[in-house]
file coords-v6.txt (compact mmCIF, C-alpha atoms)
# COMPACT_ATOMS: atom_id res chain seq x y z
CA MET A 1 88.11 80.84 28.57
CA GLY A 2 85.61 79.72 25.91
CA ALA A 3 86.54 79.04 22.30
CA GLY A 4 88.98 81.92 21.98
CA LEU A 5 92.76 81.69 21.80
CA ARG A 6 95.17 82.68 24.54
CA PHE A 7 97.50 85.52 23.55
CA ALA A 8 100.48 87.04 25.35
CA MET A 9 101.57 90.58 24.41
CA VAL A 10 105.16 91.23 25.54
CA THR A 11 106.13 94.90 25.39
CA THR A 12 108.32 97.43 27.14
CA PHE A 13 105.60 100.09 27.28
CA TYR A 14 101.86 99.85 27.86
CA PRO A 15 99.49 102.70 28.80
CA PRO A 16 99.73 104.56 31.05
CA TYR A 17 103.39 103.47 31.32
CA ASN A 18 103.88 104.66 27.80
CA PHE A 19 105.52 107.40 25.70
CA GLY A 20 104.58 106.78 22.08
CA GLY A 21 102.59 104.85 19.56
CA ASP A 22 103.91 101.35 20.22
CA GLY A 23 102.15 101.00 23.58
CA ILE A 24 98.94 102.45 22.15
CA TYR A 25 99.10 99.96 19.28
CA VAL A 26 99.49 97.05 21.73
CA ARG A 27 96.48 98.24 23.69
CA ARG A 28 94.37 98.57 20.55
CA LEU A 29 95.36 95.10 19.39
CA ALA A 30 94.68 93.57 22.81
CA HIS A 31 91.25 95.20 22.97
CA ALA A 32 90.40 94.11 19.42
CA LEU A 33 91.26 90.51 20.32
CA ALA A 34 89.26 90.68 23.55
CA ARG A 35 86.23 91.96 21.62
CA ARG A 36 86.46 88.80 19.53
CA GLY A 37 86.39 86.56 22.58
CA HIS A 38 90.11 85.86 23.01
CA HIS A 39 92.03 86.02 26.27
CA VAL A 40 94.98 88.43 26.28
CA GLU A 41 97.68 88.83 28.91
CA VAL A 42 99.88 91.91 28.55
CA ILE A 43 103.36 91.72 30.07
CA HIS A 44 105.16 95.06 30.23
CA ASP A 45 108.05 96.68 32.09
CA ALA A 46 107.32 99.46 34.58
CA ASP A 47 111.02 99.96 35.39
CA ALA A 48 111.72 101.17 31.84
CA TYR A 49 109.03 103.83 31.97
CA LEU A 50 109.85 104.98 35.50
CA SER A 51 113.56 105.29 34.69
CA LEU A 52 112.85 107.53 31.68
CA ALA A 53 109.76 109.49 32.71
CA LYS A 54 109.89 112.87 34.40
CA ALA A 55 106.72 112.24 36.40
CA PRO A 56 104.74 109.24 37.66
CA PRO A 57 102.13 107.87 35.23
CA PRO A 58 98.43 108.53 35.74
CA GLU A 59 96.24 105.81 37.14
CA PRO A 60 95.68 102.94 34.67
CA GLU A 61 92.29 102.86 32.98
CA PRO A 62 90.17 99.76 33.60
CA GLU A 63 90.77 96.99 31.11
CA PRO A 64 87.82 95.21 29.47
CA HIS A 65 86.87 91.60 30.13
CA GLY A 66 89.40 89.19 28.67
CA ILE A 67 92.53 91.28 29.32
CA GLU A 68 94.97 90.77 32.18
CA VAL A 69 97.98 93.08 32.68
CA HIS A 70 101.24 91.97 34.33
CA ARG A 71 103.36 94.98 35.25
CA LEU A 72 106.99 93.98 35.86
CA LYS A 73 108.85 95.97 38.50
CA SER A 74 112.21 95.08 39.97
CA GLN A 75 113.84 96.25 43.19
CA MET A 76 116.80 97.16 40.98
CA GLY A 77 114.77 99.88 39.22
CA PRO A 78 116.74 101.58 36.41
CA LEU A 79 119.57 99.05 36.76
CA SER A 80 117.17 96.37 35.55
CA SER A 81 116.56 98.30 32.33
CA LEU A 82 120.27 99.06 31.90
CA ALA A 83 121.14 95.38 32.26
CA VAL A 84 118.70 94.46 29.49
CA GLN A 85 119.95 97.30 27.28
CA GLN A 86 123.54 96.10 27.65
CA LEU A 87 123.13 92.33 27.60
CA GLY A 88 120.10 91.92 25.32
CA ARG A 89 118.35 89.43 27.58
CA PRO A 90 116.20 89.40 30.73
CA VAL A 91 118.34 89.67 33.84
CA PHE A 92 116.46 90.62 37.00
CA GLN A 93 113.08 89.64 35.50
CA HIS A 94 114.27 86.31 34.12
CA ALA A 95 112.33 84.07 36.52
CA ARG A 96 109.11 86.09 36.33
CA LEU A 97 109.08 86.19 32.53
CA LYS A 98 109.81 82.49 32.28
CA ALA A 99 106.99 81.64 34.68
CA LEU A 100 104.51 83.93 32.92
CA LEU A 101 105.23 82.67 29.40
CA GLU A 102 105.88 78.97 29.78
CA ASP A 103 103.22 76.59 28.35
CA ARG A 104 100.29 78.99 28.71
CA PHE A 105 99.63 80.60 25.34
CA ASP A 106 98.62 79.75 21.80
CA VAL A 107 100.35 82.88 20.47
CA ILE A 108 103.10 84.98 22.03
CA HIS A 109 103.28 88.36 20.32
CA TYR A 110 106.35 90.47 21.09
CA HIS A 111 106.38 94.20 20.35
CA ASN A 112 108.96 96.75 21.53
CA VAL A 113 111.06 94.47 23.72
CA SER A 114 114.11 96.74 23.89
CA LEU A 115 113.99 97.05 27.70
CA VAL A 116 111.67 94.23 28.73
CA GLY A 117 114.14 91.54 27.69
CA GLY A 118 115.84 92.48 24.43
CA PRO A 119 116.29 89.74 21.81
CA GLY A 120 116.79 87.21 24.59
CA VAL A 121 113.11 87.32 25.53
CA TRP A 122 112.19 85.80 22.16
CA ALA A 123 113.41 82.46 23.50
CA TYR A 124 110.99 82.54 26.43
CA GLY A 125 107.73 80.67 26.41
CA THR A 126 106.01 78.26 24.08
CA GLY A 127 103.46 78.77 21.36
CA LEU A 128 103.47 80.38 17.96
CA LYS A 129 105.67 83.48 18.15
CA LEU A 130 105.28 86.84 16.39
CA HIS A 131 107.15 90.13 16.71
CA THR A 132 105.89 93.47 15.40
CA ALA A 133 108.57 96.01 14.47
CA HIS A 134 107.20 99.36 15.66
CA GLU A 135 110.56 101.04 15.04
CA HIS A 136 113.89 100.00 13.51
CA TRP A 137 115.32 98.86 16.87
CA ILE A 138 116.23 95.42 15.48
CA VAL A 139 118.81 96.97 13.14
CA CYS A 140 119.49 100.32 14.83
CA PRO A 141 120.64 101.14 18.39
CA SER A 142 118.89 104.53 18.18
CA HIS A 143 115.70 102.79 16.92
CA ILE A 144 115.04 105.30 14.12
CA LEU A 145 117.92 105.11 11.58
CA TRP A 146 118.79 108.73 12.37
CA ARG A 147 122.60 108.93 12.34
CA TYR A 148 124.48 111.25 14.71
CA ASN A 149 121.12 112.87 15.55
CA ARG A 150 121.34 114.90 12.34
CA GLU A 151 120.86 112.75 9.20
CA VAL A 152 119.13 109.73 7.72
CA CYS A 153 121.28 106.63 8.12
CA ASP A 154 122.40 104.94 4.89
CA GLY A 155 125.10 102.71 6.34
CA GLN A 156 125.97 101.28 9.71
CA LYS A 157 128.37 103.35 11.82
CA CYS A 158 126.69 102.26 15.00
CA LEU A 159 129.46 102.69 17.57
CA SER A 160 130.26 106.32 16.80
CA CYS A 161 126.57 107.08 16.26
CA VAL A 162 125.36 105.71 19.59
CA LEU A 163 128.16 107.56 21.38
CA SER A 164 126.98 110.79 19.73
CA TYR A 165 123.62 110.23 21.46
CA GLY A 166 125.36 109.92 24.83
CA ARG A 167 124.28 106.30 25.21
CA PRO A 168 126.45 103.31 26.15
CA PRO A 169 127.14 100.86 23.29
CA GLN A 170 125.06 97.70 23.46
CA LEU A 171 127.35 94.76 24.00
CA TRP A 172 124.89 92.25 22.57
CA ARG A 173 124.96 93.91 19.14
CA MET A 174 128.67 93.09 18.76
CA GLY A 175 128.16 89.37 18.17
CA GLY A 176 125.58 86.97 16.73
CA HIS A 177 123.11 87.25 19.62
CA LEU A 178 120.36 88.91 17.55
CA GLU A 179 120.45 86.34 14.76
CA ALA A 180 120.52 83.42 17.19
CA GLN A 181 117.55 84.67 19.19
CA ALA A 182 115.54 85.67 16.08
CA ARG A 183 115.32 81.97 15.17
CA HIS A 184 112.84 81.56 18.03
CA VAL A 185 110.34 83.87 16.27
CA ASP A 186 108.11 82.39 13.58
CA ALA A 187 107.55 85.70 11.76
CA PHE A 188 108.40 89.35 12.15
CA LEU A 189 105.40 91.54 11.31
CA MET A 190 106.07 94.74 9.39
CA LEU A 191 103.55 97.59 9.20
CA SER A 192 104.88 98.90 5.87
CA GLN A 193 106.92 97.69 2.93
CA SER A 194 109.37 100.49 3.65
CA ALA A 195 110.08 99.07 7.11
CA ALA A 196 110.60 95.59 5.69
CA ASP A 197 112.94 96.94 3.00
CA ASN A 198 114.97 98.86 5.59
CA HIS A 199 115.39 95.76 7.76
CA ARG A 200 116.57 93.78 4.75
CA ALA A 201 118.91 96.56 3.64
CA PHE A 202 120.57 96.57 7.06
CA GLY A 203 121.11 92.82 7.03
CA PHE A 204 118.11 91.35 8.88
CA GLU A 205 117.20 88.10 7.13
CA ALA A 206 114.50 86.57 9.36
CA PRO A 207 111.03 85.77 7.90
CA MET A 208 108.80 88.85 7.61
CA ARG A 209 105.12 89.37 6.86
CA LEU A 210 103.29 92.60 6.04
CA VAL A 211 100.28 93.26 8.24
CA PRO A 212 98.22 96.47 8.24
CA SER A 213 97.97 98.83 11.15
CA PHE A 214 94.45 99.82 12.19
CA LEU A 215 92.20 101.94 14.34
CA PRO A 216 89.55 100.43 16.62
CA ALA A 217 86.12 99.61 15.26
CA ASP A 218 84.52 101.62 18.08
CA THR A 219 86.23 104.86 17.02
CA GLY A 220 83.60 106.66 14.99
CA ALA A 221 83.70 109.87 13.02
CA ALA A 222 84.19 113.16 14.79
CA PRO A 223 81.01 114.58 16.32
CA ALA A 224 79.46 117.56 14.61
CA GLN A 225 80.87 120.83 15.91
CA THR A 226 79.57 124.37 15.68
CA PRO A 227 81.63 126.43 15.20
CA PRO A 228 84.43 124.48 13.43
CA ALA A 229 87.64 123.60 15.23
CA HIS A 230 89.29 126.82 13.96
CA PRO A 231 87.69 129.92 12.42
CA ARG A 232 89.97 129.97 9.31
CA PRO A 233 91.25 127.27 6.91
CA TYR A 234 94.21 125.45 8.41
CA PHE A 235 96.74 122.67 8.04
CA LEU A 236 97.40 120.40 11.00
CA PHE A 237 100.48 118.80 12.54
CA VAL A 238 100.01 116.15 15.24
CA GLY A 239 102.95 114.55 17.02
CA ARG A 240 105.97 114.96 19.22
CA LEU A 241 107.83 118.22 18.78
CA GLU A 242 111.27 116.79 18.10
CA ILE A 243 113.87 117.63 15.48
CA ILE A 244 113.31 114.32 13.65
CA LYS A 245 109.65 115.16 12.99
CA GLY A 246 110.67 117.92 10.55
CA LEU A 247 108.26 120.63 11.63
CA GLN A 248 111.08 123.17 11.31
CA ASP A 249 110.82 122.70 7.53
CA ILE A 250 107.10 123.50 7.60
CA ILE A 251 106.94 126.57 9.83
CA PRO A 252 108.70 129.02 7.45
CA HIS A 253 105.88 128.58 4.93
CA PHE A 254 103.44 129.98 7.50
CA THR A 255 105.45 132.95 8.72
CA LYS A 256 104.93 134.79 5.43
CA PRO A 257 102.09 137.32 5.11
CA ALA A 258 100.73 135.36 2.14
CA ALA A 259 100.63 132.01 3.96
CA PRO A 260 98.35 129.49 2.23
CA ALA A 261 96.31 128.99 5.43
CA ASP A 262 96.91 128.73 9.17
CA LEU A 263 99.00 126.02 10.84
CA LEU A 264 97.78 124.33 14.01
CA ILE A 265 100.35 122.30 15.96
CA ALA A 266 99.08 119.66 18.41
CA GLY A 267 101.81 118.13 20.53
CA ALA A 268 104.73 118.87 22.82
CA GLY A 269 108.38 117.98 23.06
CA GLU A 270 111.95 119.06 23.69
CA TYR A 271 112.23 120.91 20.36
CA GLU A 272 109.24 123.13 21.07
CA PRO A 273 111.23 126.22 22.18
CA GLU A 274 113.14 126.25 18.90
CA LEU A 275 109.94 125.78 16.89
CA ARG A 276 108.30 128.66 18.75
CA ARG A 277 111.35 130.80 17.98
CA LEU A 278 111.01 129.95 14.28
CA ALA A 279 107.29 130.76 14.38
CA GLY A 280 107.91 134.15 16.00
CA ASP A 281 104.73 136.17 16.28
CA SER A 282 103.16 134.83 13.08
CA PRO A 283 99.36 135.16 13.28
CA HIS A 284 99.08 132.04 11.10
CA ILE A 285 100.68 129.61 13.59
CA ARG A 286 99.09 128.33 16.77
CA PHE A 287 100.62 125.87 19.26
CA LEU A 288 97.88 123.81 20.92
CA GLY A 289 99.92 121.54 23.20
CA ARG A 290 98.90 117.93 23.72
CA GLN A 291 95.27 117.30 22.86
CA PRO A 292 92.95 114.44 23.85
CA MET A 293 91.64 112.24 21.05
CA THR A 294 88.17 113.72 21.43
CA ALA A 295 89.58 117.12 20.47
CA LEU A 296 91.95 115.71 17.85
CA LYS A 297 89.13 114.11 15.92
CA GLY A 298 87.50 117.48 15.31
CA LEU A 299 90.87 119.00 14.41
CA TYR A 300 91.52 116.21 11.90
CA ARG A 301 88.06 116.51 10.40
CA ASP A 302 88.27 120.25 9.66
CA ALA A 303 91.89 120.40 8.46
CA LEU A 304 92.79 120.99 4.82
CA ALA A 305 95.45 118.32 5.27
CA VAL A 306 97.61 116.75 7.93
CA LEU A 307 101.33 117.46 7.52
CA THR A 308 103.78 114.59 8.10
CA PRO A 309 107.27 115.97 7.32
CA SER A 310 109.37 113.46 9.27
CA ARG A 311 113.07 113.62 8.45
CA CYS A 312 113.74 110.05 9.57
CA TYR A 313 112.22 106.70 8.60
CA GLU A 314 108.82 106.21 10.18
CA VAL A 315 107.38 102.69 10.26
CA PHE A 316 103.71 103.63 9.93
CA PRO A 317 102.56 106.76 11.78
CA MET A 318 99.19 106.43 13.48
CA VAL A 319 98.39 110.04 12.56
CA VAL A 320 97.90 108.90 8.95
CA LEU A 321 95.12 106.54 9.97
CA GLU A 322 93.57 109.10 12.30
CA ALA A 323 93.52 111.60 9.44
CA PHE A 324 92.26 109.14 6.83
CA GLN A 325 89.49 107.97 9.14
CA GLU A 326 88.16 111.54 9.10
CA GLY A 327 88.59 111.83 5.33
CA THR A 328 91.53 114.23 5.68
CA PRO A 329 94.42 113.91 3.19
CA ILE A 330 98.10 114.16 4.06
CA ILE A 331 101.07 116.12 2.74
CA ALA A 332 104.15 114.03 3.48
CA ARG A 333 107.86 113.97 2.90
CA ARG A 334 108.84 111.50 0.18
CA LEU A 335 110.54 109.17 2.67
CA GLY A 336 109.79 105.94 4.50
CA PRO A 337 106.23 104.60 4.19
CA PHE A 338 104.69 107.79 2.82
CA PRO A 339 105.35 107.14 -0.89
CA GLU A 340 103.63 103.74 -0.68
CA ILE A 341 100.73 105.23 1.30
CA VAL A 342 100.11 108.15 -1.07
CA SER A 343 100.75 106.30 -4.33
CA GLY A 344 98.62 103.38 -3.19
CA THR A 345 95.64 105.49 -2.11
CA GLY A 346 95.64 108.89 -3.79
CA GLY A 347 95.04 110.35 -0.34
CA GLY A 348 97.54 113.19 -0.44
CA LEU A 349 100.68 114.74 -1.87
CA LEU A 350 104.43 114.19 -1.44
CA PHE A 351 107.32 116.63 -1.32
CA ASP A 352 111.10 116.61 -1.32
CA SER A 353 112.07 120.27 -1.60
CA ALA A 354 110.80 123.51 -0.06
CA ASP A 355 109.40 124.54 -3.47
CA GLU A 356 107.54 121.25 -3.83
CA LEU A 357 106.13 121.65 -0.33
CA ALA A 358 104.95 125.19 -1.13
CA GLN A 359 103.24 123.95 -4.28
CA SER A 360 101.55 121.12 -2.36
CA LEU A 361 100.27 123.49 0.34
CA ASP A 362 98.94 125.93 -2.24
CA ARG A 363 97.21 123.21 -4.25
CA MET A 364 95.55 121.61 -1.24
CA ALA A 365 94.36 125.03 -0.04
CA SER A 366 93.09 126.38 -3.35
CA ASP A 367 92.08 123.45 -5.58
CA VAL A 368 88.77 122.48 -3.99
CA PRO A 369 87.88 119.62 -6.40
CA PHE A 370 91.36 118.11 -6.02
CA ARG A 371 91.23 118.29 -2.25
CA ALA A 372 87.77 116.65 -2.32
CA ARG A 373 89.12 113.77 -4.42
CA CYS A 374 92.00 113.29 -1.98
CA SER A 375 89.56 113.34 0.92
CA SER A 376 87.33 110.68 -0.63
CA ALA A 377 90.35 108.53 -1.47
CA ALA A 378 91.68 108.83 2.08
CA ARG A 379 88.42 107.74 3.68
CA SER A 380 88.00 104.86 1.21
CA ALA A 381 91.55 103.68 1.83
CA PHE A 382 90.99 103.64 5.57
CA GLU A 383 87.91 101.42 5.19
CA THR A 384 89.47 99.00 2.69
CA ARG A 385 93.06 98.83 3.99
CA TRP A 386 93.30 99.84 7.64
CA SER A 387 89.99 99.20 9.36
CA GLU A 388 89.96 96.86 12.33
CA ARG A 389 88.13 94.17 10.33
CA VAL A 390 90.73 94.19 7.54
CA ALA A 391 93.64 94.17 9.99
CA MET A 392 92.25 91.33 12.10
CA ASP A 393 91.57 89.22 9.00
CA ALA A 394 95.18 89.73 7.90
CA TYR A 395 96.49 89.02 11.41
CA PHE A 396 94.68 85.72 11.72
CA ALA A 397 95.63 84.76 8.16
CA VAL A 398 99.29 85.02 9.22
CA ILE A 399 98.61 82.96 12.34
CA ARG A 400 96.87 80.27 10.28
CA GLU A 401 99.65 80.23 7.66
CA LEU A 402 102.34 79.79 10.29
CA ALA A 403 100.33 77.17 12.20
CA GLU A 404 99.95 75.14 9.00
CA LYS A 405 103.65 75.49 8.23
CA LYS A 406 104.57 74.24 11.72
CA GLY A 407 101.92 71.50 11.78
CA LEU A 408 100.21 72.88 14.89
CA SER A 409 97.07 70.78 14.60
CA GLY A 410 95.62 71.88 17.94
CA LEU A 411 95.91 75.56 17.08
CA LEU A 412 94.45 74.93 13.62
CA ALA A 413 91.48 73.15 15.15
CA ARG A 414 90.83 76.07 17.49
CA LEU A 415 91.10 78.51 14.57
CA ASP A 416 88.54 76.42 12.67
CA ARG A 417 86.14 76.53 15.63
CA ILE A 418 86.49 80.31 15.82
CA ALA A 419 85.82 80.70 12.09
CA ALA A 420 82.82 78.38 12.11
call {"tool": "encode", "arguments": {"input": "coords-v6.txt", "output": "structure tokens"}}
result
Amino acid sequence: MGAGLRFAMVTTFYPPYNFGGDGIYVRRLAHALARRGHHVEVIHDADAYLSLAKAPPPEPEPEPHGIEVHRLKSQMGPLSSLAVQQLGRPVFQHARLKALLEDRFDVIHYHNVSLVGGPGVWAYGTGLKLHTAHEHWIVCPSHILWRYNREVCDGQKCLSCVLSYGRPPQLWRMGGHLEAQARHVDAFLMLSQSAADNHRAFGFEAPMRLVPSFLPADTGAAPAQTPPAHPRPYFLFVGRLEIIKGLQDIIPHFTKPAAPADLLIAGAGEYEPELRRLAGDSPHIRFLGRQPMTALKGLYRDALAVLTPSRCYEVFPMVVLEAFQEGTPIIARRLGPFPEIVSGTGGGLLFDSADELAQSLDRMASDVPFRARCSSAARSAFETRWSERVAMDAYFAVIRELAEKKGLSGLLARLDRIAA
């Protein structure tokens, strides 16, 4: 395999067996490592996707040289996922996971393991072990610290909350299983300080490290377009149309005759009928449905700002990086990672109330010099904080630090050869 390291990526979802950003992140990380000459094996669970999806996935795209994908599928189907959800360990895939992970990798990197093995999978395999928290699953059965499907969680009432979602309680959360299995992981990687603080606040005491998210080096700026993506000035929302994303708090500002600009909405989801009802026949609001990244890049580029009004704690939304890469600022709710992103970069505005949101929309639409400064700050922040180069340097710095701490001389020697 050459001088590169051998990585395992263990995840519930991986494209095209994928619903959200965690699987996309894993793919981007795997491809970034392969571009640097490392060998990556992705181990993901097809049963989880097939038990939740309403349609079969599309055909997988070819993977580049250096990446091998192991797609786990049990004859038990959805029962395999339910067993993991209840017991917090691999059940029907126990033997396969053990065989795949044992004595084969320099680094085992776990991601969303909620249905591929739960906390129990952390004990599998040998090598330096990392886990990236893409959601708050470690401390929250609903993954998102959104209590009773109506409010931000500020204290654990997990049993009544999970029942309100119509889900069975997870037996493994009722004892010390999580803490015992977490000892197998050398470091838990957090994509924002907010996520780390939330895990601490809810009692998770394992070692954590901050590492930046990123977009691939081969994703360039949006191609020139004539005419622009939309004929009038507009704000942009990109994401799932669900109640937790907070778009219902945005739409009323664009149903007024004196709306600050148009609102384009790229995405789909179960809450879409209610959002369309709120929008009514407003000429300022346009629902675009799901859009490919080629189209999204032009939409990002021409937007006055990207709106991120999530009502629950995000970890680090990829839409922020996609916007910043195009030099587009954000207007975000003052919650979760957004205060640290905006205060640390100057790439946007924050709001709490409807009045503060209205003021932010008006300023971004009318104050051209201010919007230009936000745009420049956003693009600069992407290059200096969240580019692939910066993220990979930080990632390997964590690997080196942990290898030194554990006295892994062989891994350190291979890291030195790579750096030479």
call {"tool": "residues_around", "arguments": {"input": "coords-v6.txt", "residues": "Gly155 of chain A", "least_positions_apart": "5", "cutoff": "12 Å", "atoms": "all atoms listed in the file", "output": "compact mmCIF listing (two decimals) with C-alpha atoms, in the coordinates of the input"}}
result
# COMPACT_ATOMS: atom_id res chain seq x y z
CA VAL A 139 118.81 96.97 13.14
CA CYS A 140 119.49 100.32 14.83
CA LEU A 145 117.92 105.11 11.58
CA TRP A 146 118.79 108.73 12.37
CA ARG A 147 122.60 108.93 12.34
CA TYR A 148 124.48 111.25 14.71
CA CYS A 161 126.57 107.08 16.26
CA ASN A 198 114.97 98.86 5.59
CA ALA A 201 118.91 96.56 3.64
CA PHE A 202 120.57 96.57 7.06
CA GLY A 203 121.11 92.82 7.03
call {"tool": "closest_residue", "arguments": {"input": "coords-v6.txt", "among": "A:Lys73, A:Gly23, A:Pro64, A:Asp262", "to": "Arg35 of chain A", "atoms": "only C-alpha atoms"}}
result
A:Pro64
call {"tool": "residues_around", "arguments": {"input": "coords-v6.txt", "residues": "segment 375-386 of chain A", "least_positions_apart": "5", "cutoff": "7 Å", "atoms": "only C-alpha atoms", "output": "list in words"}}
result
Pro212, Ser213, Phe214, Leu321, Phe324, Gln325, Glu326, Gly327, Thr328, Pro329, Thr345, Gly346, Gly347 and Ala391 of chain A
call {"tool": "closest_residue", "arguments": {"input": "coords-v6.txt", "among": "A:Pro231, A:Pro62, A:Gly407, A:Pro141", "to": "Leu299 of chain A", "atoms": "only C-alpha atoms"}}
result
A:Pro231
call {"tool": "atom_distance", "arguments": {"input": "coords-v6.txt", "atom1": "atom CA of Ala196 of chain A", "atom2": "atom CA of Arg173 of chain A"}}
result
19.7 Å
call {"tool": "atom_distance", "arguments": {"input": "coords-v6.txt", "atom1": "atom CA of Arg36 of chain A", "atom2": "atom CA of Arg96 of chain A"}}
result
28.3 Å
call {"tool": "closest_residue", "arguments": {"input": "coords-v6.txt", "among": "A:Ala8, A:Pro216, A:Ala303, A:Glu63", "to": "Gly125 of chain A", "atoms": "only C-alpha atoms"}}
result
A:Ala8
call {"tool": "residues_around", "arguments": {"input": "coords-v6.txt", "residues": "Phe7 of chain A", "least_positions_apart": "4", "cutoff": "7 Å", "atoms": "all atoms listed in the file", "output": "number ranges by chain"}}
result
A: 39-41, 105-108
call {"tool": "closest_residue", "arguments": {"input": "coords-v6.txt", "among": "A:Gly298, A:Tyr17, A:Ala217, A:Glu270", "to": "Ala55 of chain A", "atoms": "all atoms listed in the file"}}
result
A:Tyr17
call {"tool": "closest_residue", "arguments": {"input": "coords-v6.txt", "among": "A:Arg150, A:His131, A:His136, A:His70", "to": "Arg183 of chain A", "atoms": "only C-alpha atoms"}}
result
A:His131
call {"tool": "atom_distance", "arguments": {"input": "coords-v6.txt", "atom1": "atom CA of Pro57 of chain A", "atom2": "atom CA of Phe13 of chain A"}}
result
11.7 Å
call {"tool": "residues_around", "arguments": {"input": "coords-v6.txt", "residues": "Phe396 of chain A", "least_positions_apart": "6", "cutoff": "12 Å", "atoms": "all atoms listed in the file", "output": "MDAnalysis selection string"}}
result
chainID A and resid 5 33 36 107 130 211:212 389:390 402:403 411:412 414:416 418:419
call {"tool": "closest_residue", "arguments": {"input": "coords-v6.txt", "among": "A:Gln156, A:Ser142, A:Thr12, A:Ser192", "to": "Pro90 of chain A", "atoms": "only C-alpha atoms"}}
result
A:Thr12
call {"tool": "decode", "arguments": {"input": "coords-v6.txt", "residues": "segment 99-113 of chain A", "atoms": "N, CA and C atoms", "output": "mmCIF file, in the first residue's frame"}}
result
data_model
loop_
_atom_site.group_PDB
_atom_site.id
_atom_site.type_symbol
_atom_site.label_atom_id
_atom_site.label_comp_id
_atom_site.auth_asym_id
_atom_site.auth_seq_id
_atom_site.Cartn_x
_atom_site.Cartn_y
_atom_site.Cartn_z
ATOM 1 N N ALA A 99 -13.984 -9.421 12.298
ATOM 2 C CA ALA A 99 -13.037 -9.869 11.275
ATOM 3 C C ALA A 99 -12.490 -8.694 10.470
ATOM 4 N N LEU A 100 -13.353 -7.726 10.146
ATOM 5 C CA LEU A 100 -12.915 -6.591 9.334
ATOM 6 C C LEU A 100 -11.948 -5.682 10.079
ATOM 7 N N LEU A 101 -12.126 -5.531 11.390
ATOM 8 C CA LEU A 101 -11.380 -4.521 12.131
ATOM 9 C C LEU A 101 -10.151 -5.045 12.855
ATOM 10 N N GLU A 102 -10.042 -6.330 13.046
ATOM 11 C CA GLU A 102 -8.986 -6.851 13.890
ATOM 12 C C GLU A 102 -7.613 -6.795 13.220
ATOM 13 N N ASP A 103 -6.661 -6.102 13.853
ATOM 14 C CA ASP A 103 -5.239 -6.118 13.478
ATOM 15 C C ASP A 103 -4.987 -5.749 12.022
ATOM 16 N N ARG A 104 -5.710 -4.762 11.494
ATOM 17 C CA ARG A 104 -5.527 -4.411 10.089
ATOM 18 C C ARG A 104 -5.277 -2.929 9.857
ATOM 19 N N PHE A 105 -5.478 -2.090 10.871
ATOM 20 C CA PHE A 105 -5.473 -0.651 10.623
ATOM 21 C C PHE A 105 -4.569 0.106 11.597
ATOM 22 N N ASP A 106 -4.002 1.180 11.067
ATOM 23 C CA ASP A 106 -3.264 2.110 11.934
ATOM 24 C C ASP A 106 -4.229 2.975 12.729
ATOM 25 N N VAL A 107 -5.317 3.403 12.082
ATOM 26 C CA VAL A 107 -6.305 4.280 12.714
ATOM 27 C C VAL A 107 -7.695 3.748 12.388
ATOM 28 N N ILE A 108 -8.513 3.577 13.432
ATOM 29 C CA ILE A 108 -9.924 3.279 13.246
ATOM 30 C C ILE A 108 -10.693 4.528 13.641
ATOM 31 N N HIS A 109 -11.447 5.063 12.698
ATOM 32 C CA HIS A 109 -12.178 6.315 12.912
ATOM 33 C C HIS A 109 -13.667 6.005 12.845
ATOM 34 N N TYR A 110 -14.332 6.095 13.998
ATOM 35 C CA TYR A 110 -15.768 5.873 14.088
ATOM 36 C C TYR A 110 -16.489 7.209 13.844
ATOM 37 N N HIS A 111 -17.677 7.118 13.282
ATOM 38 C CA HIS A 111 -18.476 8.323 13.018
ATOM 39 C C HIS A 111 -19.852 8.104 13.659
ATOM 40 N N ASN A 112 -20.924 8.216 12.891
ATOM 41 C CA ASN A 112 -22.246 7.903 13.427
ATOM 42 C C ASN A 112 -22.367 6.381 13.494
ATOM 43 N N VAL A 113 -22.228 5.840 14.701
ATOM 44 C CA VAL A 113 -22.272 4.384 14.857
ATOM 45 C C VAL A 113 -23.574 3.935 15.516
#
